[in-house]
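Some notes on the structure that comes next.
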Amino acid sequence: MKWSFSHPKRWTSYCHVRLVVALSLAVQVARGQSSPAGANWYFGANAGITFTGGAPQALTDGNMRTVEGCATRSDPDGQLLLYTDGSTIWNKQHTVIADAVNLGGSPYSTQSALIVPYQNSTADFYVFSVSETDVSYTRVSLPANNGQGGLTQKNRLLTTSSTEKITTIYHCNNLNHWIITHERGNATFRVNLINDNGLITTPVVSNVGSVHSQNKGYMTPSPDGRTLAVAVSDSTGGGFVELLDFDNATGKITNPRKLQTPETAGAYGVVFSPDNSLVYLSTMGSKTVYQIRVNNMTVTARLTVPSAGSSPGIGALQLGVDSRIYGTQPGADHLFAIPQPNQVGSGCGMVAQAVNLGGQKAMAGLPFNVDTIPQPIPKVRIAVTKLDGCNQFLLSSKTENLDLAFLLYQWYMDGTAIIGANAPTLMAPKTGHFLLKVRETKCRDIHITSEEELPVILVEVDPTARALPDSCGAFRLKAHASGGVVQWFGPGISSARDRLDSLTIANIVGSQTFRARVESTDNSSCFSEKLVTVSFATPAPFKLDAATRTVCADTLTLRASPTTDWTTFNWQVPSGGNLAGTTITARQSGSYRVTARSAATGCRSGDSVRVTLHPTPTLTLPVHQINTCLSAISSGYLPVDAEQNPAVTYNWQHDGQSIGTDPVVRLTDYGVYTLTVRTPAGCSARDSLRVQSTCPPVEPHAYMPDAFTPNLDGQNETLTIHCTGVAALTLTIYDRWGEPIYHASGTPSPTTGWSSWDGTYQGQPASAGPYAYRLEMKGADFLTVFTRKGVLMLLR
């Protein structure tokens, strides 16, 4: 029996069976249908099928002819993107992508090709080619060459001395990929990662399981990515199937479990059931598909496939997007199917001619599909159990599709996290609604909340007291009781009200304590009771600043000063109206009453003030400015009349001196005159006027002697200067050398003049003789300073 078109010596009745190792997220339930990436298959001698119409239908437009390995990739809508046999790559138009020929794959390699998207891209792919000894890779960009596709890397060597096995599994982040190969002649798995930096050529190495001295057979991952299945055989007989655990966070492979019996000779095709519980094995020496239970490696069914084609055995097995398993017989014009692969035993079924290939021929291989690892929905369920004893309720949890070794727990009560409640179980601390939030920290950060929020009712009481607004010593007591009947104990609580959960108490003075008790209705020994204390101190009465206020005004501002006890105020005015606020304006005499209120306690306090308003007299002089020359008035005075008002007294002042108490005053000098009037109630008013001179201005003039005789004879002892029109004088005397020997200022008297120098210098009589002088005069009617210079004689 030969599995070859043109190499009869290369293939005999057996071929290596390769076990596919699945690396994926640690999910625990079966997927339903695979992703649309596997919606189209091209394989064998120009054969193909599509799942896009529901039931698989034949495709006859493929250009690929391969004895064994092949790979196909479709987009998320199920539209074909590319396919390959490891040597040539075709695009969706079934034309060869530019330069995508003479790649490293062999049509006689079990898994000669693998297509892996770069981080879930639908345009950028790694294509791995497997010969009978080496693994290389090429990178494809589908948008290149106007959408015809092109290569960005070609025939890059990944590893040598390899078996014919290659597969991929998603990293636990469901974005990156692990690429898994196995070395020839030893027990070494090589696992390379494709991440955002591209293909990492340094592998994670696991030396585990059996030695692969035979090259044939598939390597396939389980749908949940936890288990790797490897079929190993060659064309001369022998063979086994081995399962291993895979850690899709680290790429490590562990825990090998091997099945090797005469029935596993020629082990070739291997695939998992969608629920990960079973693995199916085909061999190239018989027409039997073996169903093997994953957990104990026992054969649970032997499915006979009606003979077809030219081989005594069966080729590849592959899981379709419809969750059926499909198999091939080399040379057959159809595929067989296992319709219920999750069913243990023969009930899984066998459909001999499940898909007609439309005249094309199947060979030994079927394309392995790189699907997104199904993400079964993680779940958290919680339950509550009543234990023996009082208030013993246990909350427990159960998780699905989560790794218990990587879980963090947080219990919540009434929406608030319970401090320290971080275990899978919780004894309910009090009455409330409980839920559980769980976080899985393995690779991905998964947060999930329990589907239930369970009520737990304990026998408990938690009494509170709240002051009622505007009550001044009344409180609302609330038991907050659950799980039984409440009863209150305390002053002022009657039997008619002591069974209420909420009740009001009033007239609290000082501190008073109340007790609330709740007792289980079916177990009197289960009860809870607590005390609550209420305290209230009535604020000291509010007082205004004064009991009476008397002012000389038409209005008066009254103010109530807020304190920590009294914050708002309301006034009652003599007219009967009401005003709110801390200050009001009193516009009439009478009693004003204020009511103060405490926002904190609701208490009220009142006080009053008697207001007396005395009107202020009105005073307006008929004239405020008089310009005159008194010397020109024949009488020598001016009369000013403030008008007669018998209800007031008068007081005129000039320069601070009282000059009259009559309404009429006579003005005899220039300046400001002020009149004050006062009522019998002591209220007063004031007004003033100014009298200014309008006499012609007098130019300053000094009468300076030519000589004087300070000789102690009593005549002309000092230099006396007489002036007219002068307000101030400054005199400087100089000796013959121009040095000043006398300097003084003064105000001349209109009658006696200004007595200045006495003829001495530094206390000694000055020498007789001439002395120069400088005299500065400031006029009464002029701003300019007048200066006079001359010489006077000092005679002895």
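Just remember, in the structure tokens the first chain shown is A, the second B, etc., residues are 1-based per chain, and ligands are 1-based in the order shown.
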
So that I can check the surroundings of region 599-611 of chain A, please list as a PyMOL selection string every protein, DNA and RNA residue that reaches within 9 Å of it, counting only C-alpha atoms and ignoring chain neighbours fewer than 4 positions away.
chain A and resi 467-474+536+538-551+556+558+564-568+586+588-595

Please dump the current selection as a compact mmCIF listing (two decimals), in the first residue's frame; keep N, CA, C and O atoms.
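Final file, selection-v1.txt:
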```txt
# COMPACT_ATOMS: atom_id res chain seq x y z
N ALA A 467 -31.67 62.70 66.10
CA ALA A 467 -32.44 63.86 66.54
C ALA A 467 -33.35 64.33 65.41
O ALA A 467 -32.92 64.45 64.26
N LEU A 468 -34.60 64.60 65.75
CA LEU A 468 -35.55 65.06 64.74
C LEU A 468 -35.39 66.57 64.55
O LEU A 468 -35.26 67.31 65.54
N PRO A 469 -35.42 67.02 63.34
CA PRO A 469 -35.30 68.47 63.11
C PRO A 469 -36.50 69.22 63.70
O PRO A 469 -37.63 68.71 63.71
N ASP A 470 -36.20 70.43 64.22
CA ASP A 470 -37.23 71.32 64.78
C ASP A 470 -37.97 70.71 65.95
O ASP A 470 -39.13 71.05 66.22
N SER A 471 -37.31 69.78 66.64
CA SER A 471 -38.03 69.12 67.74
C SER A 471 -37.54 69.53 69.11
O SER A 471 -38.26 69.38 70.10
N CYS A 472 -36.30 69.99 69.23
CA CYS A 472 -35.73 70.44 70.51
C CYS A 472 -35.85 69.36 71.57
O CYS A 472 -36.54 69.52 72.58
N GLY A 473 -35.16 68.22 71.28
CA GLY A 473 -35.13 67.17 72.27
C GLY A 473 -35.93 65.94 71.92
O GLY A 473 -36.06 65.04 72.77
N ALA A 474 -36.44 65.83 70.69
CA ALA A 474 -37.14 64.62 70.25
C ALA A 474 -36.21 63.82 69.34
O ALA A 474 -35.44 64.38 68.57
N PHE A 536 -29.24 65.10 75.25
CA PHE A 536 -29.67 66.38 74.73
C PHE A 536 -29.55 67.43 75.83
O PHE A 536 -29.96 67.22 76.97
N THR A 538 -30.50 71.45 76.43
CA THR A 538 -31.19 72.62 75.89
C THR A 538 -30.26 73.83 75.92
O THR A 538 -29.63 74.11 76.96
N PRO A 539 -30.12 74.54 74.82
CA PRO A 539 -29.21 75.69 74.79
C PRO A 539 -29.67 76.78 75.76
O PRO A 539 -30.86 76.92 76.07
N ALA A 540 -28.71 77.57 76.27
CA ALA A 540 -29.03 78.72 77.11
C ALA A 540 -29.89 79.71 76.32
O ALA A 540 -29.73 79.84 75.10
N PRO A 541 -30.82 80.44 77.00
CA PRO A 541 -31.72 81.36 76.27
C PRO A 541 -30.92 82.41 75.50
O PRO A 541 -29.85 82.86 75.92
N PHE A 542 -31.49 82.78 74.38
CA PHE A 542 -30.86 83.81 73.56
C PHE A 542 -31.16 85.19 74.15
O PHE A 542 -32.28 85.46 74.58
N LYS A 543 -30.14 86.07 74.17
CA LYS A 543 -30.30 87.42 74.69
C LYS A 543 -29.74 88.43 73.68
O LYS A 543 -28.67 88.22 73.11
N LEU A 544 -30.53 89.54 73.52
CA LEU A 544 -30.03 90.66 72.75
C LEU A 544 -29.04 91.46 73.58
O LEU A 544 -28.94 91.31 74.80
N ASP A 545 -28.31 92.34 72.93
CA ASP A 545 -27.29 93.12 73.63
C ASP A 545 -27.88 94.09 74.65
O ASP A 545 -27.25 94.40 75.66
N ALA A 546 -29.09 94.62 74.40
CA ALA A 546 -29.70 95.61 75.31
C ALA A 546 -31.22 95.46 75.28
O ALA A 546 -31.79 95.02 74.27
N ALA A 547 -31.83 95.84 76.40
CA ALA A 547 -33.29 95.74 76.48
C ALA A 547 -33.97 96.98 75.92
O ALA A 547 -35.15 96.93 75.54
N THR A 548 -33.24 98.11 75.90
CA THR A 548 -33.80 99.35 75.35
C THR A 548 -32.75 100.00 74.47
O THR A 548 -31.54 99.88 74.71
N ARG A 549 -33.24 100.72 73.47
CA ARG A 549 -32.36 101.48 72.58
C ARG A 549 -33.03 102.81 72.28
O ARG A 549 -34.20 102.84 71.81
N THR A 550 -32.34 103.95 72.60
CA THR A 550 -32.86 105.29 72.30
C THR A 550 -31.84 105.99 71.43
O THR A 550 -30.65 106.05 71.77
N VAL A 551 -32.28 106.53 70.31
CA VAL A 551 -31.38 107.18 69.38
C VAL A 551 -32.04 108.44 68.83
O VAL A 551 -33.27 108.57 68.82
N LEU A 556 -33.13 102.83 63.11
CA LEU A 556 -32.10 102.20 63.96
C LEU A 556 -31.91 100.76 63.47
O LEU A 556 -32.88 100.04 63.26
N LEU A 558 -31.08 97.06 64.18
CA LEU A 558 -31.08 96.10 65.26
C LEU A 558 -30.39 94.82 64.78
O LEU A 558 -30.64 94.34 63.67
N THR A 564 -23.04 79.52 68.29
CA THR A 564 -23.07 78.09 67.92
C THR A 564 -24.42 77.45 68.20
O THR A 564 -24.80 76.48 67.55
N ASP A 565 -25.16 78.00 69.18
CA ASP A 565 -26.48 77.45 69.51
C ASP A 565 -27.60 78.06 68.67
O ASP A 565 -28.56 77.37 68.31
N TRP A 566 -27.49 79.36 68.38
CA TRP A 566 -28.59 80.08 67.72
C TRP A 566 -28.09 80.60 66.38
O TRP A 566 -27.14 81.37 66.32
N THR A 567 -28.75 80.15 65.34
CA THR A 567 -28.23 80.41 63.99
C THR A 567 -29.16 81.20 63.08
O THR A 567 -28.70 81.89 62.18
N THR A 568 -30.46 81.11 63.28
CA THR A 568 -31.40 81.83 62.43
C THR A 568 -32.37 82.63 63.30
O THR A 568 -32.66 82.24 64.44
N ALA A 586 -35.20 99.33 62.30
CA ALA A 586 -36.37 99.80 63.04
C ALA A 586 -36.75 101.19 62.51
O ALA A 586 -35.92 102.11 62.52
N GLN A 588 -39.82 102.77 63.51
CA GLN A 588 -40.77 103.38 64.42
C GLN A 588 -40.42 102.98 65.84
O GLN A 588 -39.78 101.94 66.07
N SER A 589 -40.83 103.76 66.77
CA SER A 589 -40.60 103.43 68.17
C SER A 589 -41.56 102.33 68.59
O SER A 589 -42.66 102.18 68.04
N GLY A 590 -41.10 101.50 69.53
CA GLY A 590 -41.95 100.42 70.00
C GLY A 590 -41.12 99.22 70.40
O GLY A 590 -39.89 99.24 70.44
N SER A 591 -41.81 98.09 70.66
CA SER A 591 -41.15 96.86 71.09
C SER A 591 -40.89 95.96 69.88
O SER A 591 -41.82 95.66 69.10
N TYR A 592 -39.65 95.48 69.77
CA TYR A 592 -39.25 94.58 68.70
C TYR A 592 -38.85 93.25 69.34
O TYR A 592 -37.98 93.21 70.22
N ARG A 593 -39.53 92.17 68.91
CA ARG A 593 -39.27 90.85 69.50
C ARG A 593 -38.59 89.96 68.45
O ARG A 593 -39.02 89.90 67.30
N VAL A 594 -37.52 89.24 68.89
CA VAL A 594 -36.80 88.34 68.00
C VAL A 594 -36.94 86.91 68.53
O VAL A 594 -36.89 86.68 69.75
N THR A 595 -37.15 85.98 67.60
CA THR A 595 -37.18 84.55 67.94
C THR A 595 -35.97 83.90 67.30
O THR A 595 -35.83 83.91 66.07
```

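One finds CA of Ile97 (chain A) at 15.9 Å from CA of Ser74 (chain A).
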
What does the distance between CA of Leu667 (chain A) and CA of Pro697 (chain A) come to in Å, to one decimal place?
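Between CA of Leu667 (chain A) and CA of Pro697 (chain A) the gap is 21.4 Å.
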
At a cut-off of 9 Å, using only C-alpha atoms, what residues contact region 292-295 of chain A? Leave out same-chain residues fewer than 6 positions from it and give the result as a ChimeraX atom specification.
/A:243,272,276-281,301,344

Save out the residues we just selected, C-alpha atoms, as a compact mmCIF listing (two decimals), in the first residue's frame.
```txt
# COMPACT_ATOMS: atom_id res chain seq x y z
CA LEU A 243 -0.58 12.87 25.97
CA PHE A 272 -9.43 15.74 20.50
CA ASN A 276 -11.35 17.80 25.59
CA SER A 277 -12.35 14.52 27.29
CA LEU A 278 -11.60 12.14 24.42
CA VAL A 279 -8.88 11.72 21.85
CA TYR A 280 -9.33 9.87 18.55
CA LEU A 281 -6.48 7.96 16.89
CA ALA A 301 -14.61 2.60 21.35
CA VAL A 344 -18.22 8.15 24.94
```

Counting only C-alpha atoms, which residues in region 48-137 of chain A sit no more than 10 Å from region 320-340 of chain A? For each one, give the nearest pair of atoms and the distance in Å, sorted by chain then residue number, as a tab-separated table.
```
residue	atom	partner	partner_atom	distance
A:Ile49	CA	A:Leu335	CA	9.7
A:Thr50	CA	A:Val321	CA	9.8
A:Phe51	CA	A:Val321	CA	7.1
A:Thr52	CA	A:Val321	CA	9.4
A:Gly54	CA	A:Asp322	CA	8.0
A:Ala55	CA	A:Asp322	CA	8.1
A:Pro56	CA	A:Asp322	CA	8.8
A:Ala58	CA	A:His334	CA	9.2
A:Val67	CA	A:Pro330	CA	8.3
A:Glu68	CA	A:Pro330	CA	9.3
```

Polymer residues at most 8 Å from Asp554 (chain A), only C-alpha atoms, same-chain spacing of 6 or more positions, as a compact mmCIF listing (two decimals) with all heavy atoms, in the first residue's frame:
```txt
# COMPACT_ATOMS: atom_id res chain seq x y z
N ARG A 587 -37.97 101.36 62.08
CA ARG A 587 -38.41 102.64 61.50
C ARG A 587 -39.48 103.33 62.36
O ARG A 587 -40.03 104.34 61.96
CB ARG A 587 -38.94 102.40 60.08
CG ARG A 587 -37.91 101.76 59.17
CD ARG A 587 -38.42 101.59 57.76
NE ARG A 587 -37.44 100.91 56.95
CZ ARG A 587 -36.38 101.49 56.38
NH1 ARG A 587 -36.18 102.79 56.55
NH2 ARG A 587 -35.53 100.78 55.66
N GLN A 588 -39.82 102.77 63.51
CA GLN A 588 -40.77 103.38 64.42
C GLN A 588 -40.42 102.98 65.84
O GLN A 588 -39.78 101.94 66.07
CB GLN A 588 -42.20 102.96 64.07
CG GLN A 588 -42.46 101.48 64.24
CD GLN A 588 -43.83 101.08 63.78
OE1 GLN A 588 -43.98 100.44 62.76
NE2 GLN A 588 -44.85 101.46 64.55
N LEU A 613 -37.21 106.35 68.98
CA LEU A 613 -36.58 107.14 67.93
C LEU A 613 -36.94 108.61 68.13
O LEU A 613 -38.12 108.97 68.15
CB LEU A 613 -37.05 106.66 66.55
CG LEU A 613 -36.78 105.19 66.19
CD1 LEU A 613 -37.35 104.88 64.82
CD2 LEU A 613 -35.29 104.90 66.21
N HIS A 614 -35.95 109.48 68.36
CA HIS A 614 -36.16 110.92 68.45
C HIS A 614 -35.72 111.55 67.14
O HIS A 614 -34.59 111.31 66.68
CB HIS A 614 -35.34 111.53 69.60
CG HIS A 614 -35.81 111.09 70.96
ND1 HIS A 614 -37.05 111.41 71.46
CD2 HIS A 614 -35.20 110.34 71.91
CE1 HIS A 614 -37.19 110.90 72.67
NE2 HIS A 614 -36.07 110.24 72.97
N PRO A 615 -36.58 112.42 66.58
CA PRO A 615 -36.19 113.02 65.30
C PRO A 615 -35.02 113.99 65.47
O PRO A 615 -34.90 114.69 66.47
CB PRO A 615 -37.47 113.74 64.85
CG PRO A 615 -38.22 113.99 66.11
CD PRO A 615 -37.94 112.84 67.02
N THR A 616 -34.18 114.06 64.52
CA THR A 616 -33.05 114.99 64.51
C THR A 616 -33.51 116.31 63.94
O THR A 616 -34.19 116.35 62.90
CB THR A 616 -31.91 114.41 63.64
OG1 THR A 616 -31.52 113.15 64.18
CG2 THR A 616 -30.72 115.35 63.62
```

May I ask for the distance between CA of Asp462 (chain A) and CA of Ser450 (chain A), given in Å to one decimal place?
28.1 Å

With a distance cut-off of 7 Å and only C-alpha atoms, select the neighbouring residues of Ala702 (chain A), excluding the residue or stretch itself and same-chain residues fewer than 4 positions from it, and output the selection as a list in words.
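The contact residues come out as Ile721, His722, Cys723 and Thr724 of chain A.
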
Residues of the last selection are to be written out with C-alpha atoms, as a PDB file, in the first residue's frame.
```pdb
ATOM      1  CA  ILE A 721      10.670 147.427  61.799  1.00  0.00           C
ATOM      2  CA  HIS A 722       7.146 148.702  61.067  1.00  0.00           C
ATOM      3  CA  CYS A 723       5.093 147.253  58.142  1.00  0.00           C
ATOM      4  CA  THR A 724       1.854 147.404  56.237  1.00  0.00           C
TER       5      THR A 724
END
```

Please provide the set of residues having any atom within 8 Å of Trp178 (chain A), restricted to only C-alpha atoms, with same-chain residues fewer than 4 positions apart removed, written as an MDAnalysis selection string.
chainID A and resid 23 168:171 191:194 248 251

Of the candidates A:Ser767, A:Thr747, A:Gly576, A:Lys789, which shows the shortest atom-to-atom distance to Thr732 (chain A), using only C-alpha atoms?
A:Lys789

Rank A:Gln260, A:Ser311, A:Ser136, A:Thr298 by their smallest atom-to-atom distance to Met284 (chain A), using only C-alpha atoms, and report the top residue only.
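Among A:Gln260, A:Ser311, A:Ser136, A:Thr298, it is A:Ser311 that comes nearest to Met284 (chain A).
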